[in-house]
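Dumped model_13.csv below, it's CSV, C-alpha atoms:
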```
chain,number,residue,atom,x,y,z
A,1152,MET,CA,132.9,157.8,13.3
A,1153,LYS,CA,131.2,156.8,10.1
A,1154,SER,CA,132.0,153.1,10.1
A,1155,THR,CA,131.1,150.2,12.4
A,1156,PRO,CA,133.9,149.6,15.0
A,1157,ASN,CA,135.8,146.4,14.4
A,1158,SER,CA,134.8,145.2,17.9
A,1159,ASN,CA,131.1,145.3,16.7
A,1160,ARG,CA,131.8,143.3,13.5
A,1161,THR,CA,131.5,139.5,13.1
A,1162,HIS,CA,135.1,138.2,13.0
A,1163,ILE,CA,135.6,135.7,10.1
A,1164,SER,CA,139.1,134.0,10.0
A,1165,LEU,CA,140.6,132.2,7.1
A,1166,PHE,CA,142.6,129.1,8.2
A,1167,GLY,CA,144.6,126.7,6.1
A,1168,LYS,CA,148.0,125.5,5.0
A,1169,THR,CA,150.6,127.7,3.2
A,1170,ASN,CA,149.7,128.3,-0.5
A,1171,SER,CA,146.1,127.0,0.0
A,1172,GLY,CA,144.9,130.3,-1.4
A,1173,LYS,CA,143.7,132.1,1.7
A,1174,SER,CA,145.2,135.4,0.6
A,1175,SER,CA,143.9,135.1,-2.9
A,1176,LEU,CA,140.4,134.3,-1.5
A,1177,LEU,CA,140.4,137.3,0.7
A,1178,ASN,CA,141.4,139.5,-2.2
A,1179,ALA,CA,138.6,138.0,-4.3
A,1180,ILE,CA,136.0,138.4,-1.6
A,1181,THR,CA,136.9,142.1,-1.0
A,1182,ASN,CA,137.7,142.9,-4.6
A,1183,GLN,CA,140.9,144.5,-3.3
A,1184,ASN,CA,144.6,143.5,-3.1
A,1185,ILE,CA,144.6,143.3,0.7
A,1186,SER,CA,146.9,140.4,1.1
A,1187,ILE,CA,150.2,139.7,-0.7
A,1188,VAL,CA,149.9,136.7,-3.0
A,1189,SER,CA,152.9,134.6,-4.0
A,1190,GLU,CA,153.9,131.1,-5.0
A,1191,GLN,CA,156.5,131.3,-2.3
A,1192,LYS,CA,155.4,129.7,1.0
A,1193,GLY,CA,155.0,131.9,4.1
A,1194,THR,CA,154.1,135.1,2.4
A,1195,THR,CA,151.5,136.0,5.1
A,1196,THR,CA,153.7,136.5,8.2
A,1197,ASP,CA,151.2,138.2,10.4
A,1198,SER,CA,147.4,138.3,10.4
A,1199,VAL,CA,145.9,140.7,7.9
A,1200,THR,CA,142.5,142.2,8.7
A,1201,LYS,CA,139.9,143.8,6.4
A,1202,PRO,CA,136.6,145.2,7.5
A,1203,MET,CA,133.8,145.2,4.9
A,1204,GLU,CA,130.1,145.3,4.5
A,1205,LEU,CA,128.9,141.8,3.6
A,1206,ILE,CA,125.6,142.7,2.0
A,1207,PRO,CA,122.9,141.9,3.0
A,1208,TYR,CA,124.4,140.4,6.3
A,1209,GLY,CA,126.2,143.5,7.6
A,1210,PRO,CA,129.6,144.5,8.9
A,1211,VAL,CA,132.3,141.8,9.2
A,1212,LEU,CA,136.0,141.7,9.8
A,1213,PHE,CA,138.0,139.2,7.7
A,1214,ILE,CA,141.2,137.9,9.2
A,1215,ASP,CA,143.8,136.3,6.8
A,1216,THR,CA,146.2,134.1,8.9
A,1217,ALA,CA,149.6,132.6,8.2
A,1218,GLY,CA,149.7,129.0,7.0
A,1219,LEU,CA,149.3,126.4,9.8
A,1220,ASP,CA,152.0,124.1,8.3
A,1221,ASP,CA,154.8,126.7,8.3
A,1222,SER,CA,158.1,125.3,9.5
A,1223,GLY,CA,161.3,126.5,11.0
A,1224,ALA,CA,161.7,128.8,14.1
A,1225,LEU,CA,160.0,131.8,12.4
A,1226,GLY,CA,157.4,129.5,10.9
A,1227,GLU,CA,156.5,128.1,14.3
A,1228,LEU,CA,156.0,131.7,15.6
A,1229,ARG,CA,153.7,132.4,12.6
A,1230,VAL,CA,151.6,129.3,13.4
A,1231,LYS,CA,151.3,130.2,17.0
A,1232,LYS,CA,150.2,133.7,16.0
A,1233,ALA,CA,147.7,132.3,13.5
A,1234,LEU,CA,146.2,129.9,16.1
A,1235,SER,CA,145.9,132.8,18.6
A,1236,GLU,CA,143.3,134.2,16.2
A,1237,LEU,CA,141.0,131.4,17.3
A,1238,ASN,CA,140.4,133.4,20.5
A,1239,ARG,CA,138.6,136.2,18.6
A,1240,THR,CA,137.1,134.2,15.7
A,1241,ASP,CA,133.3,134.1,15.4
A,1242,PHE,CA,133.3,132.1,12.2
A,1243,ALA,CA,136.0,130.3,10.2
A,1244,LEU,CA,136.6,129.5,6.6
A,1245,VAL,CA,138.8,126.4,6.3
A,1246,ILE,CA,140.7,126.7,3.0
A,1247,LEU,CA,141.9,123.5,1.4
A,1248,ASP,CA,144.1,123.1,-1.7
A,1249,GLY,CA,142.0,120.8,-3.9
A,1250,SER,CA,145.1,119.7,-5.8
A,1251,ASN,CA,147.0,118.8,-2.7
A,1252,LEU,CA,144.6,117.6,0.0
A,1253,ASP,CA,145.7,116.7,3.5
A,1254,TYR,CA,142.9,115.0,5.4
A,1255,ASP,CA,144.7,114.6,8.6
A,1256,PHE,CA,145.5,118.3,8.7
A,1257,TYR,CA,141.8,119.0,8.1
A,1258,LEU,CA,140.7,116.8,11.0
A,1259,SER,CA,143.3,118.5,13.3
A,1260,LEU,CA,142.2,122.0,12.4
A,1261,THR,CA,138.4,121.3,12.5
A,1262,SER,CA,138.9,119.6,15.9
A,1263,ASN,CA,140.6,122.8,17.2
A,1264,LEU,CA,137.7,124.8,15.8
A,1265,LYS,CA,135.2,122.6,17.6
A,1266,LYS,CA,137.2,122.9,20.8
A,1267,HIS,CA,136.7,126.6,20.6
A,1268,ASN,CA,133.1,126.3,19.6
A,1269,ILE,CA,133.7,128.1,16.3
A,1270,PRO,CA,131.3,127.2,13.4
A,1271,PHE,CA,133.1,126.9,10.1
A,1272,LEU,CA,132.6,126.4,6.3
A,1273,THR,CA,135.0,124.1,4.4
A,1274,VAL,CA,136.2,125.7,1.1
A,1275,VAL,CA,138.0,123.5,-1.5
A,1276,ASN,CA,140.1,125.9,-3.5
A,1277,LYS,CA,141.8,125.5,-7.0
A,1278,CYS,CA,138.9,123.4,-8.3
A,1279,ASP,CA,139.9,124.6,-11.8
A,1280,LEU,CA,142.8,122.1,-11.5
A,1281,LEU,CA,140.5,119.1,-10.6
A,1282,ASN,CA,139.0,116.6,-13.0
A,1283,SER,CA,135.6,114.9,-12.3
A,1284,ASP,CA,137.2,111.9,-10.5
A,1285,ASP,CA,139.0,114.3,-8.2
A,1286,ARG,CA,135.9,116.2,-7.4
A,1287,GLU,CA,133.9,113.0,-6.7
A,1288,LYS,CA,136.6,111.7,-4.3
A,1289,ILE,CA,136.7,115.1,-2.5
A,1290,ASN,CA,132.9,115.1,-2.3
A,1291,SER,CA,133.0,111.8,-0.5
A,1292,LEU,CA,135.3,113.3,2.2
A,1293,PHE,CA,133.7,116.7,2.6
A,1294,LEU,CA,129.9,116.5,2.1
A,1295,ASP,CA,129.3,120.2,2.8
A,1296,ALA,CA,132.3,121.7,1.1
A,1297,ILE,CA,132.1,124.6,-1.3
A,1298,PHE,CA,134.3,124.2,-4.4
A,1299,ILE,CA,135.8,127.4,-5.7
A,1300,SER,CA,138.5,128.9,-7.9
A,1301,THR,CA,139.5,132.4,-6.8
A,1302,LYS,CA,139.7,133.3,-10.5
A,1303,ASN,CA,136.0,132.6,-11.0
A,1304,GLU,CA,133.7,135.4,-10.0
A,1305,LYS,CA,130.6,133.1,-9.9
A,1306,ASP,CA,132.4,130.8,-7.4
A,1307,ILE,CA,133.2,133.7,-5.1
A,1308,LEU,CA,129.6,135.0,-5.3
A,1309,ASN,CA,128.3,131.5,-4.4
A,1310,LEU,CA,130.7,131.3,-1.5
A,1311,LYS,CA,129.5,134.7,-0.2
A,1312,ASN,CA,125.9,133.5,-0.4
A,1313,GLN,CA,126.7,130.3,1.5
A,1314,LEU,CA,128.7,132.3,4.0
A,1315,ILE,CA,125.8,134.7,4.6
A,1316,LYS,CA,123.4,131.8,5.2
A,1317,LYS,CA,125.7,130.4,7.9
A,1318,LEU,CA,126.3,133.8,9.5
A,1319,ASN,CA,122.5,134.5,9.7
A,1320,VAL,CA,122.1,131.8,12.3
A,1321,LEU,CA,124.8,133.1,14.6
A,1322,GLU,CA,123.7,134.4,17.9
A,1323,ASP,CA,123.6,138.2,18.0
A,1324,GLU,CA,125.9,140.0,20.5
A,1325,PRO,CA,124.0,141.1,23.6
A,1326,THR,CA,122.9,144.7,23.8
A,1327,LEU,CA,124.3,147.2,26.2
A,1328,LEU,CA,121.0,148.7,27.3
A,1329,GLY,CA,118.2,147.1,25.4
A,1330,LYS,CA,117.5,144.3,27.8
A,1331,LEU,CA,118.1,146.4,30.9
A,1332,LEU,CA,115.8,149.3,30.2
A,1333,PRO,CA,112.3,149.4,28.5
A,1334,TYR,CA,111.5,151.4,25.5
A,1335,ASN,CA,111.2,155.2,26.1
A,1336,SER,CA,113.5,155.1,29.2
A,1337,PHE,CA,115.6,158.2,29.9
A,1338,ILE,CA,119.3,158.0,30.7
A,1339,VAL,CA,122.0,160.5,31.5
A,1340,MET,CA,125.6,159.9,30.3
A,1341,VAL,CA,128.3,161.7,32.3
A,1342,VAL,CA,131.3,162.3,30.2
A,1343,PRO,CA,134.2,164.1,32.0
A,1344,ILE,CA,136.4,166.2,29.7
A,1345,ASP,CA,140.1,165.8,30.7
A,1346,SER,CA,143.5,165.2,29.0
A,1347,GLU,CA,142.5,161.6,28.2
A,1348,ALA,CA,139.4,162.8,26.2
A,1349,PRO,CA,140.2,163.0,22.4
A,1350,LYS,CA,139.8,166.6,21.1
A,1351,GLY,CA,136.7,167.2,19.1
A,1352,ARG,CA,135.1,163.8,19.5
A,1353,LEU,CA,133.8,161.2,22.0
A,1354,ILE,CA,135.6,158.0,22.8
A,1355,LEU,CA,134.3,154.7,21.5
A,1356,PRO,CA,132.4,153.4,24.6
A,1357,GLN,CA,130.4,156.7,24.6
A,1358,VAL,CA,129.6,156.4,20.9
A,1359,GLN,CA,128.5,152.8,21.2
A,1360,MET,CA,126.3,153.6,24.2
A,1361,LEU,CA,124.6,156.4,22.3
A,1362,ARG,CA,124.0,154.1,19.4
A,1363,ASP,CA,122.6,151.3,21.5
A,1364,ALA,CA,120.2,153.8,23.2
A,1365,LEU,CA,119.0,155.0,19.8
A,1366,ASP,CA,118.5,151.5,18.6
A,1367,HIS,CA,116.2,150.7,21.5
A,1368,GLY,CA,114.3,153.9,21.7
A,1369,ILE,CA,116.0,155.0,24.9
A,1370,LYS,CA,116.3,158.8,25.3
A,1371,SER,CA,119.7,160.0,26.4
A,1372,LEU,CA,121.3,163.2,27.6
A,1373,VAL,CA,125.0,163.7,27.6
A,1374,VAL,CA,126.6,166.1,30.1
A,1375,ARG,CA,130.0,166.8,31.6
A,1376,ASP,CA,130.4,166.0,35.3
A,1377,THR,CA,130.6,169.8,35.9
A,1378,GLU,CA,127.0,170.2,34.7
A,1379,LEU,CA,125.6,167.1,36.3
A,1380,GLU,CA,124.2,168.7,39.5
A,1381,ASN,CA,122.2,171.3,37.5
A,1382,THR,CA,120.9,168.5,35.2
A,1383,LEU,CA,119.8,166.4,38.2
A,1384,ASN,CA,117.9,169.4,39.6
A,1385,ASN,CA,116.0,169.8,36.3
A,1386,PHE,CA,114.7,166.2,35.9
A,1387,ASN,CA,112.5,164.3,38.3
A,1388,LYS,CA,112.6,160.9,36.5
A,1389,ILE,CA,115.9,159.4,35.3
A,1390,ASP,CA,116.0,155.7,34.7
A,1391,LEU,CA,119.8,155.3,34.8
A,1392,ILE,CA,122.9,157.5,35.1
A,1393,ILE,CA,126.0,156.2,33.3
A,1394,THR,CA,129.3,157.7,34.2
A,1395,ASP,CA,132.9,157.3,33.2
A,1396,SER,CA,134.5,155.1,35.9
A,1397,GLN,CA,137.1,157.7,36.9
A,1398,ALA,CA,134.3,160.1,38.0
A,1399,PHE,CA,132.4,157.4,40.0
A,1400,ASN,CA,133.0,158.9,43.4
A,1401,LYS,CA,132.1,162.5,42.4
A,1402,VAL,CA,129.0,161.4,40.5
A,1403,ASP,CA,127.8,159.2,43.3
A,1404,LYS,CA,127.9,162.0,45.8
A,1405,LEU,CA,126.0,164.3,43.4
A,1406,VAL,CA,123.3,161.6,42.6
A,1407,ASN,CA,122.9,161.0,46.4
A,1408,ASN,CA,120.9,157.8,45.9
A,1409,ARG,CA,118.2,159.5,43.9
A,1410,PHE,CA,118.7,157.5,40.7
A,1411,LYS,CA,120.3,154.2,39.7
A,1412,LEU,CA,123.9,154.6,38.8
A,1413,THR,CA,126.5,152.5,36.9
A,1414,SER,CA,129.5,153.0,34.5
A,1415,PHE,CA,130.3,152.6,30.9
A,1416,SER,CA,132.9,150.0,31.8
A,1417,ILE,CA,130.5,147.9,33.9
A,1418,LEU,CA,127.9,147.9,31.1
A,1419,PHE,CA,130.5,146.6,28.7
A,1420,ALA,CA,131.6,144.0,31.2
A,1421,ASN,CA,128.0,142.8,31.3
A,1422,GLN,CA,127.7,142.8,27.5
A,1423,LYS,CA,131.0,141.2,26.5
A,1424,GLY,CA,132.2,139.4,29.6
A,1425,ASP,CA,130.9,137.7,32.7
A,1426,LEU,CA,129.8,140.2,35.4
A,1427,LYS,CA,129.4,137.6,38.1
A,1428,THR,CA,133.0,136.4,37.5
A,1429,PHE,CA,134.3,140.0,37.6
A,1430,ILE,CA,132.4,140.7,40.9
A,1431,GLU,CA,133.9,137.7,42.5
A,1432,GLY,CA,137.4,138.6,41.2
A,1433,VAL,CA,137.4,142.0,42.7
A,1434,LYS,CA,137.2,140.6,46.2
A,1435,VAL,CA,140.8,139.4,45.9
A,1436,LEU,CA,141.9,143.0,46.5
A,1437,ASP,CA,141.2,142.4,50.2
A,1438,ASN,CA,143.7,139.5,50.3
A,1439,LEU,CA,146.6,141.0,48.3
A,1440,THR,CA,150.0,140.9,50.1
A,1441,ASP,CA,153.4,142.6,49.6
A,1442,GLY,CA,155.0,141.4,46.3
A,1443,ASP,CA,151.8,140.1,44.7
A,1444,LYS,CA,151.6,140.8,40.9
A,1445,VAL,CA,148.5,142.3,39.3
A,1446,LEU,CA,148.1,142.3,35.5
A,1447,ILE,CA,146.3,145.3,34.0
A,1448,ALA,CA,145.1,144.5,30.5
A,1449,GLU,CA,143.9,147.2,28.1
A,1450,THR,CA,142.8,146.4,24.5
A,1451,CYS,CA,143.6,149.8,23.0
A,1452,SER,CA,147.0,151.5,22.6
A,1453,HIS,CA,147.4,155.2,23.4
A,1454,ASN,CA,149.8,157.6,24.9
A,1455,THR,CA,149.7,157.6,28.7
A,1456,SER,CA,149.4,160.7,31.0
A,1457,HIS,CA,149.2,161.5,34.6
A,1458,GLU,CA,145.4,160.9,34.3
A,1459,ASP,CA,145.6,157.5,32.7
A,1460,ILE,CA,143.0,155.3,34.3
A,1461,GLY,CA,144.7,151.9,33.7
A,1462,ARG,CA,148.4,152.8,34.3
A,1463,ILE,CA,148.1,155.5,36.9
A,1464,LYS,CA,144.7,155.9,38.6
A,1465,ILE,CA,143.8,152.3,39.3
A,1466,PRO,CA,147.2,151.3,40.6
A,1467,ASN,CA,147.2,154.4,42.9
A,1468,LEU,CA,143.7,153.5,44.2
A,1469,ILE,CA,144.8,149.9,44.9
A,1470,LYS,CA,148.0,151.0,46.7
A,1471,LYS,CA,146.0,153.3,48.9
A,1472,TYR,CA,143.3,150.7,49.6
A,1473,THR,CA,145.6,147.8,50.4
A,1474,SER,CA,148.6,149.7,51.8
A,1475,LYS,CA,150.7,146.9,50.2
A,1476,GLN,CA,153.7,146.9,47.9
A,1477,ILE,CA,151.9,145.5,44.8
A,1478,ILE,CA,153.7,144.9,41.5
A,1479,PHE,CA,151.7,146.1,38.5
A,1480,GLU,CA,152.4,144.8,35.0
A,1481,PHE,CA,150.6,146.1,31.9
A,1482,LYS,CA,149.6,144.4,28.6
A,1483,MET,CA,148.2,146.4,25.7
A,1484,GLY,CA,146.2,145.6,22.5
A,1485,LYS,CA,146.1,141.9,21.6
A,1486,ASP,CA,149.0,141.0,24.0
A,1487,PHE,CA,147.6,138.7,26.6
A,1488,PRO,CA,149.7,135.9,28.1
A,1489,GLU,CA,148.6,132.2,28.0
A,1490,ASP,CA,150.4,131.6,31.3
A,1491,LEU,CA,149.0,133.7,34.1
A,1492,SER,CA,150.4,131.7,37.0
A,1493,GLU,CA,152.6,134.6,38.3
A,1494,TYR,CA,149.7,136.9,38.8
A,1495,SER,CA,147.3,137.2,41.8
A,1496,LEU,CA,144.7,139.2,39.9
A,1497,ILE,CA,143.9,140.4,36.4
A,1498,ILE,CA,142.1,143.7,35.9
A,1499,HIS,CA,140.7,144.1,32.4
A,1500,CYS,CA,139.5,147.3,30.7
A,1501,GLY,CA,135.9,147.6,29.4
A,1502,ALA,CA,136.8,145.7,26.2
A,1503,CYS,CA,135.1,148.2,23.9
A,1504,MET,CA,137.9,147.6,21.3
A,1505,ILE,CA,137.5,143.8,21.1
A,1506,ASN,CA,134.6,141.4,20.3
A,1507,LYS,CA,132.8,139.3,22.8
A,1508,LYS,CA,134.5,136.1,21.6
A,1509,LEU,CA,137.9,137.4,22.5
A,1510,MET,CA,136.8,138.7,25.9
A,1511,GLU,CA,135.2,135.3,26.7
A,1512,SER,CA,138.5,133.6,25.6
A,1513,ARG,CA,140.5,135.8,28.0
A,1514,ILE,CA,138.1,134.9,30.9
A,1515,LYS,CA,138.4,131.3,30.0
A,1516,ILE,CA,142.2,131.5,30.0
A,1517,SER,CA,142.1,133.2,33.4
A,1518,LYS,CA,139.8,130.4,34.8
A,1519,ASN,CA,142.0,127.7,33.4
A,1520,ASN,CA,144.9,129.3,35.2
A,1521,HIS,CA,142.8,129.6,38.4
A,1522,ILE,CA,143.5,133.4,38.4
A,1523,PRO,CA,140.7,135.8,39.3
A,1524,ILE,CA,139.8,138.4,36.8
A,1525,THR,CA,137.8,141.6,37.1
A,1526,ASN,CA,137.1,144.9,35.3
A,1527,TYR,CA,138.1,148.6,35.5
A,1528,GLY,CA,134.6,149.8,36.4
A,1529,ILE,CA,134.1,147.0,39.0
A,1530,VAL,CA,137.4,147.8,40.7
A,1531,ILE,CA,136.8,151.5,40.9
A,1532,SER,CA,133.2,151.1,42.2
A,1533,TYR,CA,134.5,148.5,44.8
A,1534,LEU,CA,137.3,150.7,46.0
A,1535,THR,CA,135.0,153.7,46.4
A,1536,GLY,CA,132.4,151.7,48.3
A,1537,ILE,CA,129.6,151.9,45.7
A,1538,LEU,CA,129.8,148.5,44.0
A,1539,ASP,CA,126.3,147.4,45.2
A,1540,LYS,CA,124.8,150.6,43.8
A,1541,SER,CA,126.6,150.3,40.5
A,1542,ILE,CA,125.2,146.8,39.8
A,1543,GLU,CA,121.7,147.4,41.0
A,1544,ILE,CA,120.4,147.7,37.4
A,1545,PHE,CA,121.4,144.1,36.6
A,1546,GLU,CA,119.4,141.0,37.5
A,1547,PHE,CA,121.4,138.1,38.9
```
Write the structure described by the file as structure tokens, please.
Amino acid sequence: MKSTPNSNRTHISLFGKTNSGKSSLLNAITNQNISIVSEQKGTTTDSVTKPMELIPYGPVLFIDTAGLDDSGALGELRVKKALSELNRTDFALVILDGSNLDYDFYLSLTSNLKKHNIPFLTVVNKCDLLNSDDREKINSLFLDAIFISTKNEKDILNLKNQLIKKLNVLEDEPTLLGKLLPYNSFIVMVVPIDSEAPKGRLILPQVQMLRDALDHGIKSLVVRDTELENTLNNFNKIDLIITDSQAFNKVDKLVNNRFKLTSFSILFANQKGDLKTFIEGVKVLDNLTDGDKVLIAETCSHNTSHEDIGRIKIPNLIKKYTSKQIIFEFKMGKDFPEDLSEYSLIIHCGACMINKKLMESRIKISKNNHIPITNYGIVISYLTGILDKSIEIFEF
């Protein structure tokens, strides 16, 4: 894995009306033909994403959305899809067609951005078609707007510089380990190797944890669960043991209260979500009844097997724990319903594949629906009776 995962990139979405020049701008910023450009309205039917290094800021993910004034049955679906990108947007570029301004549209869009606490930059495109009177009038309406023509390289460079200034004041995403452990700490990561483990490489949460440890001067040792007992006998001081959730029970017995223990999933829940909310949510497992629906949400898509943690292991653990006839439903990737009223509980994965903004949005949707939400690692540690141990490292 030589590039920064998309989940760790600042998400920058381009919003505007059809033919405002969003796709042309994305192509100009990236110096590539990422999005299809056409005079015909509605060319962008689904969001187009492009990761890049925005030097000197760092890794970002640009999201080109469909026009928000699209019409017709299909157009309404495109608009709904475009607006759903608000849930994962860290920063927005509001693209206006300078030759055809719609101030009411601008107010509606920016009101929506403010509602979602998304900072934005107003970009007036097609300024090569404007005369001095036009520019003066637009300046009076948008005091902080950036005027550009996507055909002008200097305009694009200026926009990038202004964008970087805005991004530099964004709050950094919390660390996984940096605020939990001091410099020079020593951790052991337990990585079971089974049919779910990709051949020849580590999975993303393990890679991200290793990098976070390196970034904060935390020494780490990676072992399989089969070598853990020997490892524990060779080290007297271990500040934290991090295990894959599915090996929680086995690892807990081997550790035998000698060292602090948690899981990859719980650490990601703390970084990207709301650990207190997840801990409260898991208690609903004690009150489930026959026929209750539980939604299991996973942000990555992969083939399932008999060892799949979300589709097989967690449902089986819950069935055994509750002795109830629970109905499980599954959502993958970006598919997360706005209406959650039919569910009694939502169990979310560790969210290593999405950014913090999207995870926070999903928690907010759950709370707005008054439906409790929890996390894979929290569920497994709760059902195996070691939740208190697994959250001991955190300060509440």
* **Point-to-point distance from CA of Thr1382 in chain A to CA of Ile1529 in chain A, Å rounded to tenths** => 25.5 Å
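Picture a line from CA of Pro1333 in chain A to CA of Ala1420 in chain A; it runs 20.2 Å.
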* **Exercise: residues within 9 Å of coordinate (131.6, 153.6, 34.0), counting all atoms listed in the file, as a list in words** => Val1341, Ile1393, Thr1394, Asp1395, Ser1396, Gln1397, Ala1398, Phe1399, Thr1413, Ser1414, Phe1415, Ser1416, Ile1417, Leu1418, Phe1419, Gly1501, Tyr1527, Gly1528, Ile1529, Ile1531, Ser1532 and Ser1541 of chain A
* **Neighbour residues at most 12 Å from (142.0, 141.0, 51.4) (only C-alpha atoms) as JSON, numbers by chain** => {"A": [1432, 1433, 1434, 1435, 1436, 1437, 1438, 1439, 1440, 1441, 1443, 1469, 1472, 1473, 1474, 1475, 1495, 1496]}
Export C-alpha atoms of the chosen residues as a PDB file, in the coordinates of the input?
```
ATOM      1  CA  GLY A1432     137.400 138.600  41.200  1.00  0.00           C
ATOM      2  CA  VAL A1433     137.400 142.000  42.700  1.00  0.00           C
ATOM      3  CA  LYS A1434     137.200 140.600  46.200  1.00  0.00           C
ATOM      4  CA  VAL A1435     140.800 139.400  45.900  1.00  0.00           C
ATOM      5  CA  LEU A1436     141.900 143.000  46.500  1.00  0.00           C
ATOM      6  CA  ASP A1437     141.200 142.400  50.200  1.00  0.00           C
ATOM      7  CA  ASN A1438     143.700 139.500  50.300  1.00  0.00           C
ATOM      8  CA  LEU A1439     146.600 141.000  48.300  1.00  0.00           C
ATOM      9  CA  THR A1440     150.000 140.900  50.100  1.00  0.00           C
ATOM     10  CA  ASP A1441     153.400 142.600  49.600  1.00  0.00           C
ATOM     11  CA  ASP A1443     151.800 140.100  44.700  1.00  0.00           C
ATOM     12  CA  ILE A1469     144.800 149.900  44.900  1.00  0.00           C
ATOM     13  CA  TYR A1472     143.300 150.700  49.600  1.00  0.00           C
ATOM     14  CA  THR A1473     145.600 147.800  50.400  1.00  0.00           C
ATOM     15  CA  SER A1474     148.600 149.700  51.800  1.00  0.00           C
ATOM     16  CA  LYS A1475     150.700 146.900  50.200  1.00  0.00           C
ATOM     17  CA  SER A1495     147.300 137.200  41.800  1.00  0.00           C
ATOM     18  CA  LEU A1496     144.700 139.200  39.900  1.00  0.00           C
TER      19      LEU A1496
END
```
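Taking CA of Ser1198 in chain A as the reference point, CA of Val1275 in chain A is found at 21.2 Å.
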* **Residues near Leu1177 in chain A, cut-off 10 Å, all atoms listed in the file, skip fewer than 5 positions along chain, as a PyMOL selection string** => chain A and resi 1164-1165+1172+1182-1186+1199-1201+1213-1215+1301+1307
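If you measure from each of A:Leu1318, A:Asp1284, A:Asp1220, A:Asn1157 to Ile1206 in chain A using all atoms listed in the file, the closest one turns out to be A:Leu1318.
Distances here use all atoms listed in the file; by that measure, the residue among A:Ile1522, A:Leu1264, A:Leu1247, A:Leu1328 closest to Ile1289 in chain A is A:Leu1247.
Closest approach to Lys1168 in chain A among A:Phe1242, A:Phe1410, A:Tyr1208, A:Phe1256 is made by A:Phe1256 (distances from all atoms listed in the file).
Shortest separation to Val1211 in chain A among A:Arg1160, A:Lys1232, A:His1367, A:Lys1330 occurs at residue A:Arg1160, atoms counted being all atoms listed in the file.
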* Structure fact -> The residue from A:Leu1281, A:Leu1314, A:Gln1422, A:Leu1379 with the smallest atom-to-atom distance to Leu1405 in chain A, counting all atoms listed in the file, is A:Leu1379
* Asked: Do you know which residues are at most 9 Å from Ile1338 in chain A counting all atoms listed in the file, after dropping those on the same chain fewer than 5 positions away, and could you put them as number ranges by chain?
  -> A: 1364, 1369-1373, 1389-1393
Can those selected residues be exported to a file as a PDB file, in the frame of the given file so that it contains C-alpha atoms?
```pdb
ATOM      1  CA  ALA A1364     120.200 153.800  23.200  1.00  0.00           C
ATOM      2  CA  ILE A1369     116.000 155.000  24.900  1.00  0.00           C
ATOM      3  CA  LYS A1370     116.300 158.800  25.300  1.00  0.00           C
ATOM      4  CA  SER A1371     119.700 160.000  26.400  1.00  0.00           C
ATOM      5  CA  LEU A1372     121.300 163.200  27.600  1.00  0.00           C
ATOM      6  CA  VAL A1373     125.000 163.700  27.600  1.00  0.00           C
ATOM      7  CA  ILE A1389     115.900 159.400  35.300  1.00  0.00           C
ATOM      8  CA  ASP A1390     116.000 155.700  34.700  1.00  0.00           C
ATOM      9  CA  LEU A1391     119.800 155.300  34.800  1.00  0.00           C
ATOM     10  CA  ILE A1392     122.900 157.500  35.100  1.00  0.00           C
ATOM     11  CA  ILE A1393     126.000 156.200  33.300  1.00  0.00           C
TER      12      ILE A1393
END
```
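The residue that comes closest to Gly1209 in chain A, out of A:Glu1493, A:Glu1287, A:Asp1253, A:Asp1323 and on the basis of only C-alpha atoms, is A:Asp1323.
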* Hey, what's within 9 Å of Thr1273 in chain A if we count only C-alpha atoms and toss same-chain stuff fewer than 3 positions away? As a PyMOL selection string, please? -> chain A and resi 1243-1247+1293+1295-1298
